[in-house]
$ cat start14.pdb   # PDB, C-alpha atoms, pLDDT in the B column
ATOM      1  CA  MET Q 281      -3.179  -7.511 -42.681  1.00 58.00           C
ATOM      2  CA  LYS Q 282      -3.752  -5.799 -39.381  1.00 82.00           C
ATOM      3  CA  TYR Q 283      -2.125  -7.655 -36.523  1.00 91.00           C
ATOM      4  CA  GLU Q 284      -3.082  -7.373 -32.874  1.00 94.00           C
ATOM      5  CA  ILE Q 285      -0.466  -8.153 -30.264  1.00 95.00           C
ATOM      6  CA  ASN Q 286      -1.734 -11.024 -28.126  1.00 95.00           C
ATOM      7  CA  SER Q 287      -0.592 -13.142 -25.197  1.00 93.00           C
ATOM      8  CA  ASP Q 288       1.396 -15.406 -27.583  1.00 96.00           C
ATOM      9  CA  THR Q 289       3.353 -12.509 -29.142  1.00 97.00           C
ATOM     10  CA  GLN Q 290       6.987 -12.655 -28.031  1.00 97.00           C
ATOM     11  CA  VAL Q 291       8.885 -10.177 -30.209  1.00 98.00           C
ATOM     12  CA  ILE Q 292       8.143  -7.463 -32.757  1.00 98.00           C
ATOM     13  CA  LEU Q 293      11.248  -7.137 -34.901  1.00 97.00           C
ATOM     14  CA  PRO Q 294      11.781  -4.554 -37.662  1.00 97.00           C
ATOM     15  CA  ILE Q 295      13.053  -5.908 -40.968  1.00 96.00           C
ATOM     16  CA  SER Q 296      12.887  -2.554 -42.750  1.00 94.00           C
ATOM     17  CA  LYS Q 297      11.053   0.745 -42.398  1.00 91.00           C
ATOM     18  CA  GLU Q 298       7.794  -0.802 -43.652  1.00 93.00           C
ATOM     19  CA  CYS Q 299       8.273  -4.509 -42.917  1.00 96.00           C
ATOM     20  CA  THR Q 300       8.115  -6.322 -39.570  1.00 97.00           C
ATOM     21  CA  LYS Q 301       8.702  -9.841 -38.315  1.00 97.00           C
ATOM     22  CA  VAL Q 302       6.375 -10.886 -35.507  1.00 97.00           C
ATOM     23  CA  ILE Q 303       7.433 -13.910 -33.487  1.00 97.00           C
ATOM     24  CA  GLU Q 304       4.797 -15.742 -31.498  1.00 95.00           C
ATOM     25  CA  GLN Q 305       5.072 -18.955 -29.548  1.00 92.00           C
ATOM     26  CA  GLY Q 306       5.289 -21.531 -32.325  1.00 89.00           C
ATOM     27  CA  ASP Q 307       4.671 -19.107 -35.197  1.00 93.00           C
ATOM     28  CA  GLU Q 308       6.226 -16.251 -37.158  1.00 95.00           C
ATOM     29  CA  TYR Q 309       4.722 -13.644 -39.474  1.00 94.00           C
ATOM     30  CA  ILE Q 310       6.240 -11.190 -41.922  1.00 96.00           C
ATOM     31  CA  LEU Q 311       3.977  -8.154 -42.142  1.00 96.00           C
ATOM     32  CA  ASN Q 312       4.208  -5.288 -44.610  1.00 95.00           C
ATOM     33  CA  ILE Q 313       3.677  -2.657 -41.934  1.00 94.00           C
ATOM     34  CA  ALA Q 314       6.056  -0.817 -39.624  1.00 94.00           C
ATOM     35  CA  CYS Q 315       6.642  -1.940 -36.031  1.00 94.00           C
ATOM     36  CA  HIS Q 316       5.171   1.238 -34.601  1.00 93.00           C
ATOM     37  CA  GLU Q 317       1.972   0.682 -36.613  1.00 94.00           C
ATOM     38  CA  ILE Q 318       1.535  -2.734 -34.976  1.00 95.00           C
ATOM     39  CA  LEU Q 319       1.970  -1.170 -31.543  1.00 95.00           C
ATOM     40  CA  GLU Q 320      -0.383   1.710 -32.322  1.00 94.00           C
ATOM     41  CA  HIS Q 321      -3.049  -0.589 -33.800  1.00 94.00           C
ATOM     42  CA  SER Q 322      -2.799  -3.023 -30.862  1.00 95.00           C
ATOM     43  CA  CYS Q 323      -3.124  -0.268 -28.269  1.00 93.00           C
ATOM     44  CA  GLU Q 324      -6.183   1.066 -30.112  1.00 93.00           C
ATOM     45  CA  TYR Q 325      -7.640  -2.440 -30.440  1.00 92.00           C
ATOM     46  CA  PHE Q 326      -7.460  -2.765 -26.642  1.00 92.00           C
ATOM     47  CA  GLY Q 327      -9.062   0.632 -26.061  1.00 92.00           C
ATOM     48  CA  SER Q 328      -6.259   3.163 -25.792  1.00 92.00           C
ATOM     49  CA  SER Q 329      -3.643   4.816 -27.971  1.00 94.00           C
ATOM     50  CA  TYR Q 330       0.087   4.275 -28.099  1.00 94.00           C
ATOM     51  CA  GLU Q 331       0.603   7.859 -26.900  1.00 94.00           C
ATOM     52  CA  GLY Q 332      -1.901   7.267 -24.098  1.00 94.00           C
ATOM     53  CA  ARG Q 333      -0.038   4.130 -23.030  1.00 94.00           C
ATOM     54  CA  LYS Q 334       3.281   6.024 -23.066  1.00 93.00           C
ATOM     55  CA  GLU Q 335       1.708   8.784 -20.983  1.00 94.00           C
ATOM     56  CA  GLY Q 336       0.357   6.168 -18.578  1.00 93.00           C
ATOM     57  CA  THR Q 337       3.847   4.745 -18.045  1.00 94.00           C
ATOM     58  CA  LYS Q 338       5.165   8.273 -17.511  1.00 94.00           C
ATOM     59  CA  LYS Q 339       2.487   8.952 -14.859  1.00 93.00           C
ATOM     60  CA  ILE Q 340       3.005   5.596 -13.114  1.00 92.00           C
ATOM     61  CA  LEU Q 341       6.825   5.376 -13.180  1.00 93.00           C
ATOM     62  CA  GLY Q 342       8.095   8.768 -14.317  1.00 93.00           C
ATOM     63  CA  ILE Q 343       9.847   7.120 -17.279  1.00 92.00           C
ATOM     64  CA  THR Q 344       9.868   9.104 -20.504  1.00 87.00           C
ATOM     65  CA  HIS Q 345      12.653   7.498 -22.592  1.00 92.00           C
ATOM     66  CA  LYS Q 346      12.570   3.899 -23.838  1.00 95.00           C
ATOM     67  CA  ALA Q 347       9.473   3.388 -21.704  1.00 96.00           C
ATOM     68  CA  PRO Q 348       7.746   0.024 -21.451  1.00 97.00           C
ATOM     69  CA  ILE Q 349       4.070   0.084 -22.364  1.00 95.00           C
ATOM     70  CA  ILE Q 350       1.024  -1.842 -21.288  1.00 94.00           C
ATOM     71  CA  ILE Q 351      -0.618  -3.151 -24.437  1.00 95.00           C
ATOM     72  CA  GLU Q 352      -3.476  -4.823 -22.558  1.00 91.00           C
ATOM     73  CA  GLU Q 353      -3.769  -4.619 -18.788  1.00 84.00           C
ATOM     74  CA  SER Q 354      -6.116  -7.486 -17.854  1.00 82.00           C
ATOM     75  CA  ARG Q 355      -3.795 -10.060 -19.430  1.00 86.00           C
ATOM     76  CA  GLN Q 356      -0.725  -8.041 -18.418  1.00 89.00           C
ATOM     77  CA  ILE Q 357       0.706  -7.768 -21.906  1.00 95.00           C
ATOM     78  CA  ILE Q 358       3.665  -5.445 -21.347  1.00 97.00           C
ATOM     79  CA  PHE Q 359       6.276  -4.770 -24.024  1.00 97.00           C
ATOM     80  CA  PHE Q 360       9.541  -2.883 -23.737  1.00 98.00           C
ATOM     81  CA  PRO Q 361      11.796  -1.413 -26.462  1.00 98.00           C
ATOM     82  CA  THR Q 362      15.468  -2.261 -26.982  1.00 97.00           C
ATOM     83  CA  THR Q 363      16.293   1.280 -28.161  1.00 96.00           C
ATOM     84  CA  SER Q 364      14.443   4.533 -28.602  1.00 95.00           C
ATOM     85  CA  PRO Q 365      11.106   3.708 -30.275  1.00 94.00           C
ATOM     86  CA  ASP Q 366      12.003   6.379 -32.846  1.00 92.00           C
ATOM     87  CA  ASN Q 367      14.965   4.253 -33.957  1.00 94.00           C
ATOM     88  CA  ILE Q 368      14.153   2.166 -37.042  1.00 92.00           C
ATOM     89  CA  ASN Q 369      15.970  -0.806 -35.438  1.00 94.00           C
ATOM     90  CA  CYS Q 370      13.890  -0.776 -32.254  1.00 97.00           C
ATOM     91  CA  VAL Q 371      12.741  -4.254 -31.248  1.00 98.00           C
ATOM     92  CA  TRP Q 372       9.807  -4.712 -28.864  1.00 98.00           C
ATOM     93  CA  ILE Q 373       9.876  -7.627 -26.417  1.00 98.00           C
ATOM     94  CA  ASN Q 374       7.073  -9.129 -24.316  1.00 98.00           C
ATOM     95  CA  LEU Q 375       8.172  -9.178 -20.660  1.00 98.00           C
ATOM     96  CA  GLU Q 376       6.047 -12.227 -19.820  1.00 96.00           C
ATOM     97  CA  LYS Q 377       7.698 -14.433 -22.434  1.00 97.00           C
ATOM     98  CA  ILE Q 378      11.260 -14.131 -21.066  1.00 98.00           C
ATOM     99  CA  GLU Q 379      12.664 -17.187 -19.305  1.00 98.00           C
ATOM    100  CA  LYS Q 380      16.221 -15.865 -18.884  1.00 97.00           C
ATOM    101  CA  TYR Q 381      18.780 -13.709 -20.632  1.00 98.00           C
ATOM    102  CA  PHE Q 382      22.534 -13.446 -20.876  1.00 97.00           C
ATOM    103  CA  LYS Q 383      25.402 -11.423 -22.326  1.00 97.00           C
ATOM    104  CA  THR Q 384      26.805 -12.631 -25.664  1.00 96.00           C
ATOM    105  CA  ASP Q 385      29.098  -9.714 -26.529  1.00 90.00           C
ATOM    106  CA  THR Q 386      29.893  -6.264 -25.143  1.00 87.00           C
ATOM    107  CA  ARG Q 387      26.924  -4.807 -27.022  1.00 92.00           C
ATOM    108  CA  LYS Q 388      24.718  -7.851 -27.492  1.00 96.00           C
ATOM    109  CA  SER Q 389      22.510 -10.021 -25.328  1.00 97.00           C
ATOM    110  CA  ALA Q 390      20.399 -13.099 -25.887  1.00 98.00           C
ATOM    111  CA  ILE Q 391      17.021 -13.992 -24.487  1.00 98.00           C
ATOM    112  CA  ILE Q 392      15.751 -17.493 -23.942  1.00 97.00           C
ATOM    113  CA  PHE Q 393      11.987 -17.376 -24.196  1.00 97.00           C
ATOM    114  CA  LYS Q 394       9.648 -19.642 -22.248  1.00 96.00           C
ATOM    115  CA  ASP Q 395       8.998 -21.747 -25.363  1.00 95.00           C
ATOM    116  CA  GLY Q 396      12.746 -22.492 -25.628  1.00 95.00           C
ATOM    117  CA  THR Q 397      13.450 -20.078 -28.498  1.00 94.00           C
ATOM    118  CA  THR Q 398      16.719 -18.147 -28.130  1.00 96.00           C
ATOM    119  CA  LEU Q 399      17.236 -14.836 -29.927  1.00 96.00           C
ATOM    120  CA  GLU Q 400      20.173 -12.435 -29.886  1.00 97.00           C
ATOM    121  CA  PHE Q 401      19.584  -8.676 -29.782  1.00 97.00           C
ATOM    122  CA  ASN Q 402      21.718  -5.585 -30.304  1.00 95.00           C
ATOM    123  CA  ILE Q 403      21.396  -4.400 -26.721  1.00 96.00           C
ATOM    124  CA  SER Q 404      23.999  -4.541 -23.984  1.00 96.00           C
ATOM    125  CA  TYR Q 405      23.367  -6.778 -21.003  1.00 97.00           C
ATOM    126  CA  GLY Q 406      23.151  -3.734 -18.715  1.00 96.00           C
ATOM    127  CA  SER Q 407      20.602  -1.969 -20.916  1.00 97.00           C
ATOM    128  CA  LEU Q 408      18.534  -5.139 -21.291  1.00 98.00           C
ATOM    129  CA  THR Q 409      18.550  -5.652 -17.528  1.00 98.00           C
ATOM    130  CA  ASN Q 410      17.421  -2.038 -17.051  1.00 97.00           C
ATOM    131  CA  GLN Q 411      14.595  -2.416 -19.585  1.00 98.00           C
ATOM    132  CA  ILE Q 412      13.421  -5.666 -17.975  1.00 98.00           C
ATOM    133  CA  MET Q 413      13.491  -4.032 -14.537  1.00 97.00           C
ATOM    134  CA  ARG Q 414      11.463  -1.043 -15.774  1.00 97.00           C
ATOM    135  CA  ALA Q 415       8.855  -3.336 -17.342  1.00 97.00           C
ATOM    136  CA  THR Q 416       8.773  -5.482 -14.188  1.00 97.00           C
ATOM    137  CA  ARG Q 417       8.237  -2.359 -12.067  1.00 96.00           C
ATOM    138  CA  LEU Q 418       5.361  -1.322 -14.336  1.00 96.00           C
ATOM    139  CA  LYS Q 419       3.823  -4.781 -13.962  1.00 95.00           C
ATOM    140  CA  TYR Q 420       4.250  -4.650 -10.177  1.00 94.00           C
ATOM    141  CA  VAL Q 421       2.584  -1.238  -9.819  1.00 93.00           C
ATOM    142  CA  LEU Q 422      -0.252  -2.334 -12.104  1.00 89.00           C
ATOM    143  CA  ASN Q 423      -0.764  -5.500 -10.025  1.00 87.00           C
ATOM    144  CA  GLU Q 424      -0.755  -3.533  -6.781  1.00 88.00           C
ATOM    145  CA  ARG Q 425      -3.386  -1.159  -8.129  1.00 82.00           C
ATOM    146  CA  LEU Q 426      -5.575  -4.026  -9.330  1.00 79.00           C
ATOM    147  CA  ILE Q 427      -5.342  -5.727  -5.936  1.00 80.00           C
ATOM    148  CA  LYS Q 428      -6.152  -2.464  -4.151  1.00 76.00           C
ATOM    149  CA  LYS Q 429      -9.140  -1.927  -6.448  1.00 70.00           C
ATOM    150  CA  GLU Q 430     -10.434  -5.470  -5.795  1.00 71.00           C
ATOM    151  CA  ASP Q 431     -10.026  -4.988  -2.028  1.00 74.00           C
ATOM    152  CA  ASN Q 432     -12.129  -1.811  -2.195  1.00 73.00           C
ATOM    153  CA  ASN Q 433     -15.016  -3.564  -3.961  1.00 63.00           C
TER     154      ASN Q 433
END
$ encode --input "start14.pdb" --output "C-alpha cells"
Amino acid sequence: MKYEINSDTQVILPISKECTKVIEQGDEYILNIACHEILEHSCEYFGSSYEGRKEGTKKILGITHKAPIIIEESRQIIFFPTTSPDNINCVWINLEKIEKYFKTDTRKSAIIFKDGTTLEFNISYGSLTNQIMRATRLKYVLNERLIKKEDNN
C-alpha cells in the first residue's frame, strides 16, 4: 500500500526498519514500508522529491540538519523530524496538528494534538521547541511569499 501524507496525518512513527505506524486524526495504519519511503512518495505525489524539499528548506532557512520539510505547500503540510532523518528511530510530526507540548522527562516530551490525542516522544523539550520553531519559521516564510505573490498579481 502506498500512502500519501495528507492534511489529517499527524505522526509518522517507525516501528522497525521496514514498518511504520501512521497516525491520522481518528485513524491509525501499520504500513510495511519505511518512514522515509512514505515521505519520499508523498513529496513525489505532490510534485517534488524529498531531496528537493530538503534543498528548498536549506535555501529558504539555511537549515541543513534535522530540517523541516514542506510536503504540500498549498495546504501548508509541513513535517519536522525528531532526530536526524537518517536515524531509524526518527519520528516525523505535522506542525499544524500540534495543540501544545510539554516536558515529561529530561529526554522526553509529549505533544497534545488538536484532536486530543497525547503522545510521548524521545526528544528533549528544548530540541522539540527548536524543531517546532524551525517548522513555524518555514511556514511563516512560505506564507509571506504567497502573500507577496498574490499582491503582485
$ closest_residue --input "start14.pdb" --among "Q:Thr289, Q:Thr300, Q:Ser389, Q:Asn312" --to "Cys370 in chain Q" --atoms "only C-alpha atoms"
Q:Thr300
$ atom_distance --input "start14.pdb" --atom1 "CA of Thr384 in chain Q" --atom2 "CA of Asn369 in chain Q"
18.8 Å
$ atom_distance --input "start14.pdb" --atom1 "CA of Asp385 in chain Q" --atom2 "CA of Met413 in chain Q"
20.5 Å
$ resolve_selection --input "start14.pdb" --expression "the PyMOL selection byres ((chain Q and resi 347-355) around 7)" --output "ChimeraX atom specification"
/Q:322-323,326,333-334,337,343-346,356-361,414-415
$ write_last_selection --input "start14.pdb" --atoms "C-alpha atoms" --output "short mmCIF file (atom, residue, chain, number, x, y, z; two decimals), keeping the file's coordinate frame"
data_model
loop_
_atom_site.label_atom_id
_atom_site.label_comp_id
_atom_site.auth_asym_id
_atom_site.auth_seq_id
_atom_site.Cartn_x
_atom_site.Cartn_y
_atom_site.Cartn_z
CA SER Q 322 -2.80 -3.02 -30.86
CA CYS Q 323 -3.12 -0.27 -28.27
CA PHE Q 326 -7.46 -2.76 -26.64
CA ARG Q 333 -0.04 4.13 -23.03
CA LYS Q 334 3.28 6.02 -23.07
CA THR Q 337 3.85 4.74 -18.05
CA ILE Q 343 9.85 7.12 -17.28
CA THR Q 344 9.87 9.10 -20.50
CA HIS Q 345 12.65 7.50 -22.59
CA LYS Q 346 12.57 3.90 -23.84
CA GLN Q 356 -0.72 -8.04 -18.42
CA ILE Q 357 0.71 -7.77 -21.91
CA ILE Q 358 3.66 -5.44 -21.35
CA PHE Q 359 6.28 -4.77 -24.02
CA PHE Q 360 9.54 -2.88 -23.74
CA PRO Q 361 11.80 -1.41 -26.46
CA ARG Q 414 11.46 -1.04 -15.77
CA ALA Q 415 8.86 -3.34 -17.34
#
$ closest_residue --input "start14.pdb" --among "Q:Phe401, Q:Gln411, Q:Phe382, Q:Lys419" --to "Val291 in chain Q" --atoms "only C-alpha atoms"
Q:Phe401
$ atom_distance --input "start14.pdb" --atom1 "CA of Leu341 in chain Q" --atom2 "CA of Tyr325 in chain Q"
23.8 Å
